[in-house]
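A.B. asks: For reference, this is my_file.txt, and it has compact mmCIF, C-alpha atoms and all ligand atoms.
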# COMPACT_ATOMS: atom_id res chain seq x y z
CA MET A 292 -4.42 -7.57 9.95
CA ASP A 293 -1.28 -6.27 8.22
CA LEU A 294 -2.61 -5.02 4.93
CA SER A 295 -5.86 -4.07 3.21
CA ILE A 296 -6.01 -3.76 -0.55
CA VAL A 297 -8.95 -1.58 -1.61
CA ILE A 298 -10.06 -1.84 -5.22
CA SER A 299 -12.82 0.33 -6.65
CA LEU A 300 -14.37 -0.93 -9.84
CA TYR A 301 -17.09 -0.13 -12.28
CA ASN A 302 -17.81 -2.67 -15.02
CA GLU A 303 -14.48 -4.49 -14.92
CA LYS A 304 -15.60 -8.12 -14.90
CA GLU A 305 -12.92 -9.40 -17.31
CA SER A 306 -10.09 -8.12 -15.11
CA LEU A 307 -11.17 -9.13 -11.64
CA ARG A 308 -10.13 -12.78 -11.52
CA GLU A 309 -6.83 -12.09 -13.23
CA LEU A 310 -6.11 -9.21 -10.86
CA THR A 311 -6.93 -11.23 -7.75
CA ASP A 312 -4.81 -14.12 -8.98
CA TRP A 313 -1.89 -11.76 -9.60
CA ILE A 314 -2.16 -10.23 -6.12
CA VAL A 315 -2.38 -13.64 -4.45
CA ARG A 316 0.64 -14.94 -6.39
CA THR A 317 2.68 -11.83 -5.55
CA LEU A 318 1.97 -11.96 -1.83
CA LYS A 319 2.09 -15.74 -1.48
CA ASP A 320 5.27 -16.20 0.51
CA LYS A 321 5.45 -12.78 2.10
CA GLY A 322 3.93 -13.92 5.39
CA LEU A 323 1.37 -11.13 5.42
CA GLU A 324 -2.10 -11.35 6.83
CA TYR A 325 -4.11 -9.34 4.33
CA GLU A 326 -7.53 -8.66 2.89
CA ILE A 327 -8.75 -7.63 -0.54
CA ILE A 328 -11.77 -5.34 -0.47
CA LEU A 329 -13.54 -5.07 -3.81
CA VAL A 330 -15.96 -2.16 -3.99
CA ASP A 331 -18.37 -2.59 -6.87
CA ASP A 332 -19.49 0.91 -7.79
CA GLY A 333 -22.83 -0.12 -9.28
CA SER A 334 -21.52 -2.27 -12.16
CA HIS A 335 -24.08 -3.77 -14.53
CA ASP A 336 -21.83 -6.12 -16.47
CA GLY A 337 -21.84 -9.00 -14.00
CA SER A 338 -18.78 -7.87 -12.04
CA TRP A 339 -20.55 -8.69 -8.79
CA ASP A 340 -21.06 -12.34 -9.76
CA VAL A 341 -17.33 -12.64 -10.35
CA ILE A 342 -16.59 -10.97 -7.00
CA LYS A 343 -18.91 -13.33 -5.17
CA SER A 344 -17.16 -16.36 -6.61
CA LEU A 345 -13.65 -15.18 -5.67
CA PRO A 346 -13.50 -16.15 -1.96
CA SER A 347 -14.04 -19.82 -2.78
CA GLU A 348 -11.46 -19.76 -5.57
CA PHE A 349 -8.55 -18.24 -3.70
CA SER A 350 -6.99 -19.15 -0.41
CA GLY A 351 -4.69 -16.79 1.43
CA PRO A 352 -6.37 -13.42 1.73
CA VAL A 353 -9.71 -12.57 3.21
CA ILE A 354 -11.73 -11.43 0.18
CA ARG A 355 -14.55 -9.01 0.87
CA GLY A 356 -17.04 -7.33 -1.43
CA ILE A 357 -19.14 -4.18 -1.13
CA ARG A 358 -21.74 -3.49 -3.76
CA PHE A 359 -23.42 -0.14 -4.36
CA ARG A 360 -26.97 -0.12 -5.57
CA ARG A 361 -26.00 2.40 -8.21
CA ASN A 362 -22.92 4.12 -9.60
CA TYR A 363 -21.74 6.78 -7.15
CA GLY A 364 -18.18 7.31 -8.41
CA LYS A 365 -14.68 6.36 -7.42
CA SER A 366 -14.54 8.66 -4.37
CA ALA A 367 -17.62 7.08 -2.84
CA ALA A 368 -16.20 3.62 -3.51
CA LEU A 369 -12.89 4.47 -1.87
CA TYR A 370 -14.65 6.09 1.08
CA ASN A 371 -16.54 2.88 1.81
CA GLY A 372 -13.48 0.75 1.20
CA PHE A 373 -11.52 2.87 3.66
CA LYS A 374 -14.27 2.56 6.23
CA ALA A 375 -14.18 -1.21 5.96
CA ALA A 376 -10.39 -1.58 5.88
CA GLN A 377 -8.77 -3.21 8.91
CA GLY A 378 -5.15 -3.47 7.85
CA GLU A 379 -2.38 -1.39 9.40
CA VAL A 380 -1.39 -0.41 5.88
CA VAL A 381 -4.03 0.32 3.24
CA ILE A 382 -3.22 0.14 -0.46
CA THR A 383 -5.58 1.31 -3.19
CA MET A 384 -5.36 0.22 -6.79
CA ASP A 385 -7.45 0.35 -9.95
CA ALA A 386 -9.22 -2.79 -11.09
CA ASP A 387 -8.31 -2.51 -14.76
CA LEU A 388 -4.87 -4.17 -14.53
CA GLN A 389 -3.14 -0.88 -15.36
CA ASP A 390 -1.54 -0.88 -11.89
CA SER A 391 0.80 -3.75 -11.17
CA PRO A 392 0.33 -5.78 -7.96
CA GLU A 393 4.06 -6.38 -7.96
CA GLU A 394 4.55 -2.94 -6.46
CA ILE A 395 2.61 -3.91 -3.34
CA PRO A 396 5.43 -5.39 -1.22
CA GLU A 397 7.64 -2.34 -1.67
CA LEU A 398 4.78 0.08 -0.96
CA TYR A 399 3.97 -1.87 2.17
CA ARG A 400 7.59 -1.81 3.29
CA MET A 401 7.91 1.95 2.81
CA ILE A 402 4.93 2.66 5.06
CA LYS A 403 5.81 0.04 7.62
CA GLU A 404 9.57 0.50 7.88
CA GLU A 405 10.32 3.97 6.58
CA GLY A 406 7.41 5.55 8.42
CA TRP A 407 5.71 7.45 5.61
CA ASP A 408 2.06 8.47 5.96
CA ILE A 409 1.41 8.18 2.23
CA VAL A 410 3.40 6.65 -0.60
CA SER A 411 1.91 7.68 -3.92
CA GLY A 412 2.56 5.85 -7.18
CA TRP A 413 4.22 7.72 -10.03
CA LYS A 414 3.34 6.13 -13.35
CA GLN A 415 6.40 5.61 -15.55
CA ASN A 416 5.96 5.25 -19.32
CA ARG A 417 2.33 6.04 -18.99
CA GLN A 418 0.34 3.80 -21.32
CA ASP A 419 -2.55 6.14 -22.07
CA ASN A 420 -3.38 8.42 -24.97
CA LYS A 421 -0.64 11.09 -25.17
CA LEU A 422 -2.78 13.98 -26.33
CA THR A 423 -5.89 13.51 -24.22
CA LYS A 424 -4.27 12.24 -21.03
CA ASN A 425 -0.53 12.51 -20.65
CA LEU A 426 -0.16 16.13 -21.70
CA PRO A 427 -3.12 17.64 -19.81
CA SER A 428 -2.07 15.52 -16.86
CA LYS A 429 1.37 17.18 -16.75
CA LEU A 430 -0.22 20.62 -16.67
CA TYR A 431 -2.74 19.50 -14.10
CA ASN A 432 -0.08 18.06 -11.82
CA TRP A 433 1.99 21.21 -12.08
CA THR A 434 -0.99 23.31 -10.99
CA ALA A 435 -1.82 20.88 -8.21
CA ARG A 436 1.78 21.05 -6.94
CA LYS A 437 1.68 24.85 -6.87
CA ILE A 438 -1.66 25.08 -5.07
CA THR A 439 -1.32 22.21 -2.61
CA GLY A 440 2.39 22.56 -1.94
CA ILE A 441 2.72 18.76 -2.15
CA LYS A 442 5.59 17.76 -4.38
CA LEU A 443 4.05 14.84 -6.27
CA HIS A 444 4.46 14.19 -9.99
CA ASP A 445 1.33 12.08 -10.25
CA MET A 446 -1.20 13.21 -7.65
CA ASN A 447 -4.09 11.18 -9.11
CA CYS A 448 -2.31 7.82 -9.44
CA GLY A 449 -4.72 5.08 -8.40
CA LEU A 450 -1.95 3.07 -6.79
CA LYS A 451 -1.16 4.45 -3.36
CA ALA A 452 -0.34 3.22 0.11
CA TYR A 453 -1.48 4.75 3.38
CA ARG A 454 -0.94 4.30 7.08
CA ARG A 455 -4.29 3.27 8.55
CA GLU A 456 -4.79 6.48 10.57
CA VAL A 457 -4.68 8.47 7.33
CA VAL A 458 -7.61 6.74 5.65
CA LYS A 459 -9.58 6.73 8.89
CA SER A 460 -9.07 10.48 9.34
CA ILE A 461 -10.07 11.75 5.95
CA GLU A 462 -13.41 11.86 4.22
CA VAL A 463 -13.23 11.38 0.47
CA TYR A 464 -16.35 12.84 -1.14
CA GLY A 465 -17.59 14.24 -4.46
CA GLU A 466 -14.71 13.60 -6.86
CA MET A 467 -12.02 14.34 -4.32
CA HIS A 468 -10.27 10.99 -4.84
CA ARG A 469 -7.91 12.98 -7.04
CA TYR A 470 -6.66 14.92 -4.05
CA ILE A 471 -6.36 12.42 -1.24
CA PRO A 472 -2.79 13.57 -0.41
CA TYR A 473 -4.14 17.12 -0.06
CA LEU A 474 -7.04 15.99 2.12
CA ALA A 475 -4.51 14.16 4.27
CA LYS A 476 -2.23 17.18 4.43
CA ASN A 477 -5.13 19.28 5.67
CA GLU A 478 -5.56 16.75 8.47
CA GLY A 479 -1.91 17.10 9.40
CA PHE A 480 -0.35 14.11 7.63
CA THR A 481 2.67 15.54 5.91
CA ARG A 482 5.05 12.62 5.46
CA VAL A 483 4.22 12.07 1.82
CA THR A 484 6.49 10.60 -0.82
CA GLU A 485 6.24 8.95 -4.21
CA MET A 486 7.50 5.76 -5.78
CA PRO A 487 7.91 5.14 -9.53
CA VAL A 488 5.53 2.39 -10.61
CA HIS A 489 4.94 0.43 -13.79
CA HIS A 490 1.91 1.20 -15.86
CA GLN A 491 0.21 -1.17 -18.28
CA LYS A 492 -2.16 -0.59 -21.15
CA ARG A 493 -5.78 -1.14 -20.29
CA LYS A 494 -6.35 -4.78 -21.18
CA TYR A 495 -10.15 -5.02 -21.09
CA GLY A 496 -13.02 -2.56 -21.14
CA LYS A 497 -12.53 1.17 -21.50
CA SER A 498 -11.62 4.22 -19.44
CA LYS A 499 -14.41 5.63 -17.28
CA PHE A 500 -13.17 9.21 -17.26
CA GLY A 501 -13.14 11.63 -20.20
CA LEU A 502 -11.61 15.04 -20.77
CA GLU A 503 -14.07 16.69 -18.41
CA ARG A 504 -11.91 15.29 -15.61
CA PHE A 505 -9.44 18.14 -16.05
CA VAL A 506 -12.03 20.91 -15.78
CA ASN A 507 -13.76 19.26 -12.83
CA GLY A 508 -10.43 18.41 -11.29
CA PHE A 509 -9.31 22.01 -11.47
CA LEU A 510 -12.54 23.33 -9.95
CA ASP A 511 -12.28 20.77 -7.14
CA LEU A 512 -8.74 21.89 -6.52
CA LEU A 513 -9.88 25.51 -6.13
CA SER A 514 -12.67 24.45 -3.76
CA LEU A 515 -10.29 22.45 -1.62
CA TRP A 516 -7.80 25.29 -1.54
CA PHE A 517 -10.52 27.70 -0.45
CA LEU A 518 -11.89 25.31 2.18
CA SER A 519 -8.50 24.57 3.64
CA THR A 520 -7.49 28.24 3.74
CA PHE A 521 -10.73 29.98 4.73
CA GLY A 522 -13.20 27.16 5.43
CA LYS A 523 -13.28 27.89 9.14
CA LYS A 524 -13.14 31.67 8.77
CA PRO A 525 -14.97 32.75 5.60
CA MET A 526 -15.27 36.34 6.82
CA HIS A 527 -11.51 36.73 6.64
CA PHE A 528 -11.70 36.19 2.91
CA PHE A 529 -14.97 37.87 1.98
CA GLY A 530 -14.69 40.60 4.59
CA PHE A 531 -11.22 41.59 3.40
CA THR A 532 -12.00 41.57 -0.33
CA GLY A 533 -15.34 43.28 0.38
CA LEU A 534 -13.67 46.00 2.42
CA VAL A 535 -10.99 46.67 -0.20
CA THR A 536 -13.54 46.83 -3.03
CA PHE A 537 -15.89 49.05 -1.05
CA LEU A 538 -13.13 51.45 -0.03
CA LEU A 539 -11.82 51.74 -3.58
CA GLY A 540 -15.31 52.56 -4.83
CA PHE A 541 -15.88 55.00 -2.00
CA ILE A 542 -12.65 56.91 -2.47
CA PHE A 543 -13.19 57.07 -6.22
CA ALA A 544 -16.75 58.33 -5.82
CA VAL A 545 -15.74 61.01 -3.32
CA TRP A 546 -12.93 62.12 -5.58
CA ILE A 547 -15.26 62.51 -8.56
CA ILE A 548 -17.72 64.56 -6.54
CA VAL A 549 -15.08 66.77 -4.95
CA GLU A 550 -13.44 67.37 -8.32
CA LYS A 551 -16.75 68.51 -9.71
CA LEU A 552 -17.54 70.80 -6.78
CA VAL A 553 -14.11 72.42 -6.89
CA ALA A 554 -14.39 73.05 -10.64
CA GLN A 555 -17.88 74.43 -10.16
CA ALA A 556 -16.82 76.78 -7.34
CA ASN A 557 -13.98 78.15 -9.47
CA GLY A 558 -16.22 78.71 -12.44
CA LEU A 559 -14.32 76.17 -14.55
CA HIS A 560 -15.79 73.73 -17.03
CA PHE A 561 -17.17 70.60 -15.31
CA ARG A 562 -19.07 67.45 -16.20
CA PRO A 563 -22.08 66.30 -14.19
CA VAL A 564 -21.10 63.37 -11.96
CA THR A 565 -23.55 60.98 -13.58
CA GLU A 566 -22.10 61.56 -17.02
CA GLN A 567 -18.69 60.19 -16.09
CA PRO A 568 -17.95 56.51 -16.72
CA GLY A 569 -15.78 56.48 -13.59
CA PHE A 570 -18.82 57.17 -11.46
CA PHE A 571 -20.49 53.97 -12.57
CA LEU A 572 -17.35 51.98 -11.90
CA ALA A 573 -17.23 53.43 -8.41
CA LEU A 574 -20.89 52.60 -7.90
CA ALA A 575 -20.37 49.01 -9.05
CA ALA A 576 -17.39 48.65 -6.70
CA LEU A 577 -19.50 49.90 -3.77
CA VAL A 578 -22.26 47.41 -4.49
CA ILE A 579 -19.89 44.49 -5.04
CA GLY A 580 -18.07 45.35 -1.83
CA VAL A 581 -21.31 45.16 0.16
CA LEU A 582 -22.25 41.88 -1.53
CA LEU A 583 -18.91 40.33 -0.64
CA PHE A 584 -19.40 41.38 2.93
CA LEU A 585 -22.83 39.78 2.99
CA ALA A 586 -21.34 36.59 1.52
CA GLY A 587 -18.90 36.65 4.43
CA PHE A 588 -21.71 36.83 6.98
CA ILE A 589 -23.59 33.99 5.31
CA GLY A 590 -20.38 31.97 5.18
CA GLU A 591 -19.90 32.51 8.90
CA MET A 592 -23.42 31.30 9.60
CA VAL A 593 -22.87 28.19 7.48
CA SER A 594 -19.58 27.31 9.10
CA ARG A 595 -20.98 27.97 12.58
CA ASN A 596 -23.66 25.41 11.92
CA ALA A 597 -21.32 22.85 10.34
CA ALA A 598 -21.20 19.62 12.31
CA GLU A 599 -17.40 19.52 12.11
CA ARG A 600 -16.78 23.12 13.20
CA ASN A 601 -14.93 21.79 16.23
CA HIS A 602 -13.31 18.81 14.66
CA TYR A 603 -9.59 18.54 15.32
CA ASN A 604 -7.28 15.67 14.61
CA ILE A 605 -5.55 14.97 17.93
CA LYS A 606 -2.34 13.05 17.47
CA GLU A 607 -1.48 12.21 21.07
CA GLU A 608 -2.55 13.10 24.58
CA PHE A 609 -2.15 11.76 28.07
N1 LIG A 701 -14.15 3.47 -11.30
C1 LIG A 701 -15.10 3.41 -10.30
N2 LIG A 701 -16.24 4.16 -10.40
C2 LIG A 701 -16.47 4.99 -11.47
C3 LIG A 701 -15.47 5.08 -12.47
C4 LIG A 701 -14.33 4.32 -12.35
O1 LIG A 701 -14.92 2.67 -9.33
O2 LIG A 701 -17.51 5.63 -11.53
C5 LIG A 701 -12.93 2.67 -11.20
C6 LIG A 701 -12.58 1.89 -12.46
O3 LIG A 701 -13.32 0.69 -12.55
C7 LIG A 701 -11.10 1.66 -12.27
C8 LIG A 701 -10.65 2.93 -11.57
O4 LIG A 701 -11.83 3.51 -11.01
O5 LIG A 701 -10.86 0.55 -11.45
C9 LIG A 701 -9.96 3.88 -12.52
O6 LIG A 701 -10.80 4.13 -13.64
P1 LIG A 701 -10.25 4.15 -15.12
O7 LIG A 701 -9.31 3.02 -15.36
O8 LIG A 701 -11.42 4.24 -16.04
O9 LIG A 701 -9.45 5.52 -15.15
P2 LIG A 701 -8.14 5.84 -16.02
O10 LIG A 701 -7.17 4.72 -15.84
O11 LIG A 701 -8.62 5.97 -17.42
O12 LIG A 701 -7.63 7.13 -15.43
MG MG A 702 -7.35 2.83 -15.84
Have the structure of the file written as structure tokens, please.
Ligand code: UDP
Ligand code: MG
C.D. replies:
Amino acid sequence: MDLSIVISLYNEKESLRELTDWIVRTLKDKGLEYEIILVDDGSHDGSWDVIKSLPSEFSGPVIRGIRFRRNYGKSAALYNGFKAAQGEVVITMDADLQDSPEEIPELYRMIKEEGWDIVSGWKQNRQDNKLTKNLPSKLYNWTARKITGIKLHDMNCGLKAYRREVVKSIEVYGEMHRYIPYLAKNEGFTRVTEMPVHHQKRKYGKSKFGLERFVNGFLDLLSLWFLSTFGKKPMHFFGFTGLVTFLLGFIFAVWIIVEKLVAQANGLHFRPVTEQPGFFLALAALVIGVLLFLAGFIGEMVSRNAAERNHYNIKEEF
């Protein structure tokens, strides 16, 4: 199998036939053996009935369907699509006709011939609401570039192409579909590039994600950054910050006490230790330092018991 096209969808029944038809027309004379995997993320608008009727209506690709019993989210849908995919190249796209199937041949060629691990779409003339999507998205992508070190303008574009090993090596979970290039980077796939793609207005239905995506997206980014930096050695993070905080508190406390004793011994005016605001700051720092240390120990116990504590992605061996 040359190519798998994975499409996650939630209540998109009006688009599905049109999308499939467009893909089939685009790839008609390309000589590719390919499959279309439609993952129905718990739709309740009759999308599944449309999906079931597609294999008999189109010849050319193998058309497969996966249906969730309930709505789990786009990451879960992609995860299952990736598991099922058999093609050497795997392309994901949204079901809402905002991504154009005409980009597929070029994406396929870039993976196959130019040897990229991931080619990510970069939406040109984005056809979404300027204020609620385009602007926050710029800020979000800038932050993501800084934290992940991956130079993409449009990290969360639904249209992307992958070498098969990439999708088989990563585990998309939670809402991490926004950061697949980062997940891949953490597994050692670094040949990532982008390709400008067309973007259409949503033709049917409505967007499934609101403004909360940016808050959640940012929190997920922090989690991923933490996991990739300290996930296997939590003590290095908590132990270090704990030690610094504790030491600061300790030095400060000692200083306050010594200052008082010296003043007292010389018969000068002095304030009782417990009447100084600095003392309470020092006390708080001591306690927080110990807590951070404890968090480090607990983190170590968690990561020691993690099933993947000795999981490494081996590229070659003989
Ligand atoms: N989607 C999904 N599960 C969900 C929400 C969305 O599979 O819980 C699909 C949706 O049907 C579409 C794609 O993810 O194919 C992108 O969603 P949407 O078009 O709403 O996002 P936007 O274009 O507004 O960013
Ligand atoms: Mg969309």
A.B. asks: Calculate how many Å separate atom CA of Trp407 of chain A from atom CA of His444 of chain A, rounding to one decimal.
C.D. replies: 17.0 Å
A.B. asks: Calculated over only C-alpha atoms, which of the candidates A:Leu307, A:Val488, A:Val353, A:Ile461 has the smallest distance to Asp445 of chain A?
C.D. replies: A:Val488
A.B. asks: Tell me which protein, DNA and RNA residues are within 7 Å of Arg455 of chain A, counting only C-alpha atoms, leaving out same-chain ones fewer than 4 positions away, and put them as a list in words.
C.D. replies: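 The residues that qualify are Gly378, Glu379, Val380, Val381 and Lys459 of chain A.
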A.B. asks: Once 4 Å is added on each side, what are the centre and the three edge lengths, in Å to one decimal, of the axis-aligned box enclosing the listed atoms of ligand LIG 701 (chain A)? Present them as JSON.
C.D. replies:
{"center_x": -12.3, "center_y": 3.8, "center_z": -13.4, "size_x": 18.3, "size_y": 14.6, "size_z": 16.1}
A.B. asks: Could you list, as a ChimeraX atom specification, every residue within 12 Å of segment 504-517 of chain A, counting only C-alpha atoms and ignoring same-chain residues fewer than 4 positions away?
C.D. replies: /A:423-440,446-447,463-477,498-500,521-525,527-529
A.B. asks: Nearest to Lys551 of chain A among A:Asp385, A:Glu599, A:Phe570, A:Thr536, with distances taken over all atoms listed in the file: which residue is it?
C.D. replies: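 Among A:Asp385, A:Glu599, A:Phe570, A:Thr536, it is A:Phe570 that comes nearest to Lys551 of chain A.
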A.B. asks: Can you work out which residues are within 6 Å of ligand LIG 701 (chain A), considering all atoms listed in the file, and then hand them over as a VMD selection string?
C.D. replies: chain A and resid 299 to 301 303 332 362 364 to 365 385 to 387 498 to 500
A.B. asks: With distances taken over only C-alpha atoms and all ligand atoms, which residue among A:Leu369, A:Val315, A:His490, A:Pro352 lies nearest ligand MG 702 (chain A)?
C.D. replies: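 Under the stated criterion, the closest residue is A:His490.
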A.B. asks: Write out as a PyMOL selection string which residues come within 9 Å of Pro563 of chain A when counting all atoms listed in the file, dropping same-chain ones fewer than 2 positions away.
C.D. replies: chain A and resi 548+551+561+565-567
A.B. asks: Please provide as a list in words all residues within 9 Å of Tyr325 of chain A, with the sequence filter that same-chain residues fewer than 3 positions apart are discarded (counting only C-alpha atoms).
C.D. replies: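 Answer for this query is Met292, Asp293, Leu294, Ser295, Ile296, Gly351, Pro352, Val353, Ile354, Gln377 and Gly378 of chain A.
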A.B. asks: Please report the interatomic distance between atom CA of Leu345 of chain A and atom CA of Asp312 of chain A in Å with one decimal.
C.D. replies: 9.5 Å
A.B. asks: Rank nothing, just name the residue among A:Leu422, A:Leu450, A:Leu583, A:Ile547 nearest to ligand MG 702 (chain A), using all atoms listed in the file.
C.D. replies: A:Leu450
A.B. asks: Between atom CA of Phe537 of chain A and atom CA of Asn596 of chain A, what is the distance in Å, rounded to a tenth?
C.D. replies: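 So the answer is 28.1 Å.
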